Each structure stands twice: as C-alpha cells, then as structure tokens.
file query.cif (mmCIF, C-alpha atoms)
data_entry
#
loop_
_atom_site.group_PDB
_atom_site.id
_atom_site.type_symbol
_atom_site.label_atom_id
_atom_site.label_comp_id
_atom_site.auth_asym_id
_atom_site.auth_seq_id
_atom_site.Cartn_x
_atom_site.Cartn_y
_atom_site.Cartn_z
ATOM 1 C CA MET A 11 85.528 98.168 78.707
ATOM 2 C CA ASP A 12 81.897 97.379 77.852
ATOM 3 C CA VAL A 13 79.008 97.534 80.315
ATOM 4 C CA ILE A 14 79.161 93.863 81.342
ATOM 5 C CA GLU A 15 82.918 94.042 81.923
ATOM 6 C CA THR A 16 82.467 97.216 83.970
ATOM 7 C CA VAL A 17 79.830 95.564 86.182
ATOM 8 C CA VAL A 18 81.988 92.448 86.652
ATOM 9 C CA VAL A 19 85.075 94.499 87.597
ATOM 10 C CA ALA A 20 83.020 96.712 89.954
ATOM 11 C CA PHE A 21 81.485 93.724 91.733
ATOM 12 C CA TRP A 22 84.790 91.816 91.936
ATOM 13 C CA ALA A 23 86.747 94.827 93.181
ATOM 14 C CA MET A 24 84.155 95.605 95.865
ATOM 15 C CA LEU A 25 83.664 92.052 97.163
ATOM 16 C CA PRO A 26 86.237 92.494 99.973
ATOM 17 C CA ALA A 27 84.229 95.570 101.050
ATOM 18 C CA TYR A 28 80.769 94.070 100.476
ATOM 19 C CA VAL A 29 81.290 90.982 102.636
ATOM 20 C CA PRO A 30 82.642 92.340 105.973
ATOM 21 C CA ASN A 31 79.403 93.938 107.200
ATOM 22 C CA ASN A 32 77.426 90.807 106.407
ATOM 23 C CA ALA A 33 80.043 88.636 108.087
ATOM 24 C CA ALA A 34 80.035 90.936 111.126
ATOM 25 C CA VAL A 35 76.394 89.982 111.717
ATOM 26 C CA LEU A 36 77.417 86.328 111.906
ATOM 27 C CA PHE A 37 80.402 87.041 114.198
ATOM 28 C CA GLY A 38 78.593 89.709 116.237
ATOM 29 C CA GLY A 39 77.751 89.771 119.852
ATOM 30 C CA GLY A 40 80.095 90.300 122.718
ATOM 31 C CA ARG A 41 81.548 93.530 123.992
ATOM 32 C CA PRO A 42 80.385 96.734 122.268
ATOM 33 C CA ILE A 43 83.147 98.906 120.825
ATOM 34 C CA ASP A 44 81.875 101.939 122.730
ATOM 35 C CA GLY A 45 81.898 100.029 126.024
ATOM 36 C CA GLY A 46 78.463 101.463 126.817
ATOM 37 C CA ARG A 47 79.738 105.060 126.810
ATOM 38 C CA THR A 48 77.420 107.888 125.914
ATOM 39 C CA TRP A 49 77.693 111.371 124.490
ATOM 40 C CA GLY A 50 74.967 113.471 125.980
ATOM 41 C CA ASP A 51 72.029 111.147 126.428
ATOM 42 C CA ARG A 52 72.887 108.815 123.519
ATOM 43 C CA ARG A 53 75.262 105.895 123.152
ATOM 44 C CA LEU A 54 78.339 106.589 121.037
ATOM 45 C CA LEU A 55 77.654 103.611 118.755
ATOM 46 C CA GLY A 56 75.307 101.150 120.458
ATOM 47 C CA ASP A 57 75.304 97.442 121.157
ATOM 48 C CA GLY A 58 75.257 96.555 117.447
ATOM 49 C CA LYS A 59 78.916 97.481 116.917
ATOM 50 C CA THR A 60 81.071 94.911 118.682
ATOM 51 C CA TRP A 61 84.738 94.071 118.678
ATOM 52 C CA ARG A 62 84.024 90.477 117.678
ATOM 53 C CA GLY A 63 81.857 91.552 114.728
ATOM 54 C CA THR A 64 84.371 94.165 113.584
ATOM 55 C CA VAL A 65 87.389 91.863 113.761
ATOM 56 C CA GLY A 66 85.474 88.938 112.268
ATOM 57 C CA GLY A 67 84.069 91.057 109.446
ATOM 58 C CA THR A 68 87.448 92.586 108.630
ATOM 59 C CA ALA A 69 89.180 89.194 108.701
ATOM 60 C CA THR A 70 86.510 87.729 106.424
ATOM 61 C CA GLY A 71 86.905 90.549 103.886
ATOM 62 C CA LEU A 72 90.688 90.174 103.934
ATOM 63 C CA ALA A 73 90.471 86.375 103.567
ATOM 64 C CA LEU A 74 88.071 86.819 100.657
ATOM 65 C CA ALA A 75 90.472 89.204 98.893
ATOM 66 C CA LEU A 76 93.281 86.669 99.285
ATOM 67 C CA ALA A 77 91.035 83.870 98.011
ATOM 68 C CA LEU A 78 90.024 86.015 95.029
ATOM 69 C CA ASN A 79 93.726 86.577 94.306
ATOM 70 C CA ALA A 80 94.240 82.813 94.255
ATOM 71 C CA VAL A 81 91.482 82.312 91.677
ATOM 72 C CA GLN A 82 92.022 85.563 89.760
ATOM 73 C CA PRO A 83 93.810 84.031 86.735
ATOM 74 C CA ALA A 84 91.150 81.338 86.330
ATOM 75 C CA ALA A 85 88.336 83.845 86.937
ATOM 76 C CA THR A 86 89.756 86.129 84.270
ATOM 77 C CA ASP A 87 89.743 83.207 81.812
ATOM 78 C CA VAL A 88 86.268 81.940 82.740
ATOM 79 C CA LEU A 89 84.644 85.380 82.859
ATOM 80 C CA ALA A 90 86.587 86.653 79.838
ATOM 81 C CA VAL A 91 87.039 89.850 81.839
ATOM 82 C CA PRO A 92 90.389 90.954 83.299
ATOM 83 C CA VAL A 93 89.448 91.108 86.983
ATOM 84 C CA PRO A 94 91.957 92.793 89.290
ATOM 85 C CA GLU A 95 94.277 91.190 91.780
ATOM 86 C CA PHE A 96 94.286 92.794 95.245
ATOM 87 C CA PRO A 97 97.567 94.095 96.630
ATOM 88 C CA ILE A 98 97.667 93.403 100.369
ATOM 89 C CA VAL A 99 97.246 97.107 101.190
ATOM 90 C CA ALA A 100 94.076 97.290 99.097
ATOM 91 C CA ALA A 101 92.771 94.050 100.589
ATOM 92 C CA VAL A 102 93.196 95.437 104.106
ATOM 93 C CA THR A 103 91.847 98.927 103.364
ATOM 94 C CA LEU A 104 88.786 97.642 101.523
ATOM 95 C CA ALA A 105 87.826 95.253 104.343
ATOM 96 C CA ALA A 106 88.795 97.396 107.340
ATOM 97 C CA GLY A 107 87.577 100.579 105.671
ATOM 98 C CA ALA A 108 84.150 99.048 105.047
ATOM 99 C CA MET A 109 83.854 98.264 108.748
ATOM 100 C CA ALA A 110 85.121 101.740 109.714
ATOM 101 C CA GLY A 111 82.565 103.324 107.391
ATOM 102 C CA ASP A 112 79.761 101.350 109.006
ATOM 103 C CA ILE A 113 80.961 102.281 112.493
ATOM 104 C CA THR A 114 81.158 105.947 111.471
ATOM 105 C CA ALA A 115 77.599 105.753 110.153
ATOM 106 C CA SER A 116 76.432 104.375 113.507
ATOM 107 C CA PHE A 117 78.065 107.331 115.240
ATOM 108 C CA ILE A 118 76.315 109.751 112.844
ATOM 109 C CA LYS A 119 72.987 107.969 113.335
ATOM 110 C CA ARG A 120 73.262 108.204 117.131
ATOM 111 C CA ARG A 121 74.121 111.925 116.889
ATOM 112 C CA SER A 122 71.080 112.502 114.666
ATOM 113 C CA GLY A 123 68.795 110.886 117.248
ATOM 114 C CA ARG A 124 68.223 107.611 115.411
ATOM 115 C CA ASP A 125 68.062 104.420 117.419
ATOM 116 C CA ARG A 126 69.897 101.211 116.569
ATOM 117 C CA GLY A 127 68.387 99.724 113.438
ATOM 118 C CA ALA A 128 66.628 102.913 112.371
ATOM 119 C CA ALA A 129 66.783 103.598 108.666
ATOM 120 C CA PHE A 130 68.944 106.414 107.304
ATOM 121 C CA PRO A 131 68.558 106.239 103.509
ATOM 122 C CA GLY A 132 71.742 106.881 101.582
ATOM 123 C CA LEU A 133 74.000 106.629 104.598
ATOM 124 C CA ASP A 134 72.935 103.039 105.261
ATOM 125 C CA GLN A 135 73.738 101.981 101.707
ATOM 126 C CA LEU A 136 76.954 103.881 101.007
ATOM 127 C CA ASP A 137 78.707 104.292 104.379
ATOM 128 C CA PHE A 138 80.914 101.264 103.909
ATOM 129 C CA VAL A 139 81.645 102.171 100.279
ATOM 130 C CA VAL A 140 83.078 105.539 101.284
ATOM 131 C CA GLY A 141 84.859 103.928 104.233
ATOM 132 C CA ALA A 142 86.454 101.344 101.932
ATOM 133 C CA LEU A 143 87.319 103.533 98.959
ATOM 134 C CA VAL A 144 88.821 106.583 100.694
ATOM 135 C CA PRO A 145 91.669 104.769 102.508
ATOM 136 C CA THR A 146 92.232 102.556 99.480
ATOM 137 C CA ALA A 147 92.600 105.609 97.238
ATOM 138 C CA ILE A 148 95.066 107.119 99.716
ATOM 139 C CA LEU A 149 97.145 104.028 100.533
ATOM 140 C CA ALA A 150 97.001 102.174 97.188
ATOM 141 C CA PRO A 151 96.563 105.052 94.711
ATOM 142 C CA GLY A 152 98.007 103.308 91.637
ATOM 143 C CA TRP A 153 95.853 100.212 92.042
ATOM 144 C CA PHE A 154 92.821 102.328 92.931
ATOM 145 C CA GLY A 155 93.177 104.490 89.817
ATOM 146 C CA GLU A 156 93.604 101.491 87.523
ATOM 147 C CA THR A 157 90.725 99.551 89.074
ATOM 148 C CA PHE A 158 88.164 102.176 90.039
ATOM 149 C CA THR A 159 87.812 104.078 86.787
ATOM 150 C CA ALA A 160 84.946 106.567 86.512
ATOM 151 C CA PRO A 161 82.599 103.985 84.922
ATOM 152 C CA VAL A 162 83.468 101.392 87.596
ATOM 153 C CA LEU A 163 82.831 103.938 90.370
ATOM 154 C CA ALA A 164 79.490 104.821 88.774
ATOM 155 C CA VAL A 165 78.484 101.156 88.747
ATOM 156 C CA VAL A 166 79.561 100.798 92.383
ATOM 157 C CA LEU A 167 77.390 103.764 93.377
ATOM 158 C CA VAL A 168 74.358 102.313 91.568
ATOM 159 C CA LEU A 169 74.905 98.605 92.282
ATOM 160 C CA THR A 170 75.747 98.914 95.969
ATOM 161 C CA PRO A 171 72.408 100.276 97.220
ATOM 162 C CA LEU A 172 70.580 97.544 95.279
ATOM 163 C CA LEU A 173 72.810 94.788 96.683
ATOM 164 C CA HIS A 174 72.672 96.279 100.173
ATOM 165 C CA VAL A 175 68.885 96.352 100.288
ATOM 166 C CA GLY A 176 68.627 92.873 98.774
ATOM 167 C CA THR A 177 71.076 91.218 101.157
ATOM 168 C CA ASN A 178 69.530 92.942 104.171
ATOM 169 C CA VAL A 179 66.060 91.707 103.232
ATOM 170 C CA VAL A 180 67.408 88.165 102.899
ATOM 171 C CA ALA A 181 69.195 88.446 106.272
ATOM 172 C CA TYR A 182 65.989 89.751 107.859
ATOM 173 C CA TYR A 183 63.945 86.814 106.560
ATOM 174 C CA LEU A 184 66.639 84.396 107.723
ATOM 175 C CA GLY A 185 66.362 85.897 111.207
ATOM 176 C CA LEU A 186 69.882 87.343 111.150
ATOM 177 C CA LYS A 187 68.732 90.969 111.341
ATOM 178 C CA ASP A 188 65.971 92.656 113.315
ATOM 179 C CA GLU A 189 64.986 95.000 110.455
ATOM 180 C CA PRO A 190 65.077 94.650 106.665
ATOM 181 C CA TRP A 191 67.357 97.663 105.969
#

call {"tool": "encode", "arguments": {"input": "query.cif", "output": "structure tokens"}}
result
Amino acid sequence: MDVIETVVVAFWAMLPAYVPNNAAVLFGGGRPIDGGRTWGDRRLLGDGKTWRGTVGGTATGLALALALNAVQPAATDVLAVPVPEFPIVAAVTLAAGAMAGDITASFIKRRSGRDRGAAFPGLDQLDFVVGALVPTAILAPGWFGETFTAPVLAVVLVLTPLLHVGTNVVAYYLGLKDEPW
C-alpha cells in the first residue's frame, strides 16, 4: 500500500470514530451522565457529557459506518483504493468506543483539576482514538488486524490530532463550541 492509499484507508476506517464526538455537540444538552455527582470537590464528568449527546453521537457514528458500507464498492472503484467494509461489531465499537474514550478523558481531566473545556494536549486529541481502537481490536480482531496495519495506525496517530484541532477551530468559529480545542 502506498502513502496515499494508507491515508485513504486510515481516514475511511476512522470515520465512524471521528464523527461521534462532533455529532454529540449537535445533539448535546439535557441530562448530564454524571447526574451532577461529585468526587471530592469536583464533578465526575461535568455538564458537557450528556446522555443525549452520547446516544446521538454513537448513533451517528454507527449510521455513518452503515452508510459507508453501502457505498464501499463504489468508493473503492472511484478512489482506486480498497477501502474496508465495517462488520457490525466494528461499526458499534468504533462509534461507541470513541464516545467512551471522550467520557473517560473528561473523568481524567476532572481528576487532574481541569475545568470543563480546559485544554489537555494529547489527551484531547487521542482519547477517542484509544477508546475506539481498543474495543475494536478486542471484539473484531481479524478485521482490526487486516484494516489497522502498522502504517495505517501511524497515519491515524498523526492525522487525528490535525483533524481534531481543525474541526474544533471550525466548530468554535461557528459558535458550536466555547473554546477552540
């Protein structure tokens, strides 16, 4: 696989994990997952992690994976790159895992004394990647191994922070986020 093919496969394979957190912002609001509970003097997660955002984000990522499956043969022809089809287990683990990774990062940020929206470089950009890839590797190991080769994983680790920062800046300027990170 050449460099362009590797980037295309990495982006395609991660789309069901890239989209849920952005969609959660659009679905957000409502009841916080932590119900306002605290640990010590800090909220467990904060008001930014809601049931509506989590369910909406996960459903959007899953729907995207299914839509990508529907266009996968045509996309492979048009792109001249064999992009993967998502087994249902991978579709679910990528989308739900991305949301779980983001929720876990919020918990870590609260424990480290950071307020909602405070930057935490590295964690902010890769939390959902780890959250998506770990359960996918465990529950869909064959597909994971075929899709996320070492070069594809390397591209994901480089591409994701760039995409994350870029999309957050756009969301900030559109008034969808309170901070550009």

call {"tool": "atom_distance", "arguments": {"input": "query.cif", "atom1": "atom CA of A:Asn31", "atom2": "atom CA of A:Met109"}}
result
6.4 Å

call {"tool": "closest_atom_pairs", "arguments": {"input": "query.cif", "of": "stretch 49-123 of chain A", "to": "stretch 14-18 of chain A", "cutoff": "9 Å", "atoms": "only C-alpha atoms", "output": "tab-separated table"}}
result
residue	atom	partner	partner_atom	distance
A:Leu89	CA	A:Val18	CA	8.4
A:Ala90	CA	A:Glu15	CA	8.5
A:Val91	CA	A:Glu15	CA	5.9
A:Pro92	CA	A:Glu15	CA	8.2
A:Val93	CA	A:Val18	CA	7.6

call {"tool": "closest_residue", "arguments": {"input": "query.cif", "among": "A:Glu189, A:Val140, A:Phe96, A:Ala33", "to": "A:Ala128", "atoms": "all atoms listed in the file"}}
result
A:Glu189

call {"tool": "atom_distance", "arguments": {"input": "query.cif", "atom1": "atom CA of A:Asn178", "atom2": "atom CA of A:Asn32"}}
result
8.5 Å

call {"tool": "atom_distance", "arguments": {"input": "query.cif", "atom1": "atom CA of A:Gly141", "atom2": "atom CA of A:Ala110"}}
result
5.9 Å

call {"tool": "resolve_selection", "arguments": {"input": "query.cif", "expression": "the PyMOL selection byres ((chain A and resi 56) around 10)", "output": "PyMOL selection string"}}
result
chain A and resi 42-48+52-55+57-60+113+116-117+120+125-127

call {"tool": "resolve_selection", "arguments": {"input": "query.cif", "expression": "the PyMOL selection byres ((chain A and resi 143-153) around 10)", "output": "number ranges by chain"}}
result
A: 24, 27, 94-108, 111, 138-142, 154-158, 163

call {"tool": "resolve_selection", "arguments": {"input": "query.cif", "expression": "the PyMOL selection byres ((chain A and resi 36) around 9)", "output": "list in words"}}
result
Asn32, Ala33, Ala34, Val35, Phe37, Gly38, Gly39, Gly63, Gly66, Gly67 and Leu186 of chain A

call {"tool": "closest_residue", "arguments": {"input": "query.cif", "among": "A:Lys119, A:Gly40, A:Trp22, A:Asp134", "to": "A:Ala85", "atoms": "all atoms listed in the file"}}
result
A:Trp22

call {"tool": "residues_around", "arguments": {"input": "query.cif", "residues": "A:Val168", "least_positions_apart": "5", "cutoff": "12 Å", "atoms": "only C-alpha atoms", "output": "number ranges by chain"}}
result
A: 17, 20-21, 132, 135-136, 139, 161-163, 173-175

call {"tool": "closest_residue", "arguments": {"input": "query.cif", "among": "A:Ala23, A:Gly123, A:Asn79, A:Tyr28", "to": "A:Pro171", "atoms": "all atoms listed in the file"}}
result
A:Tyr28
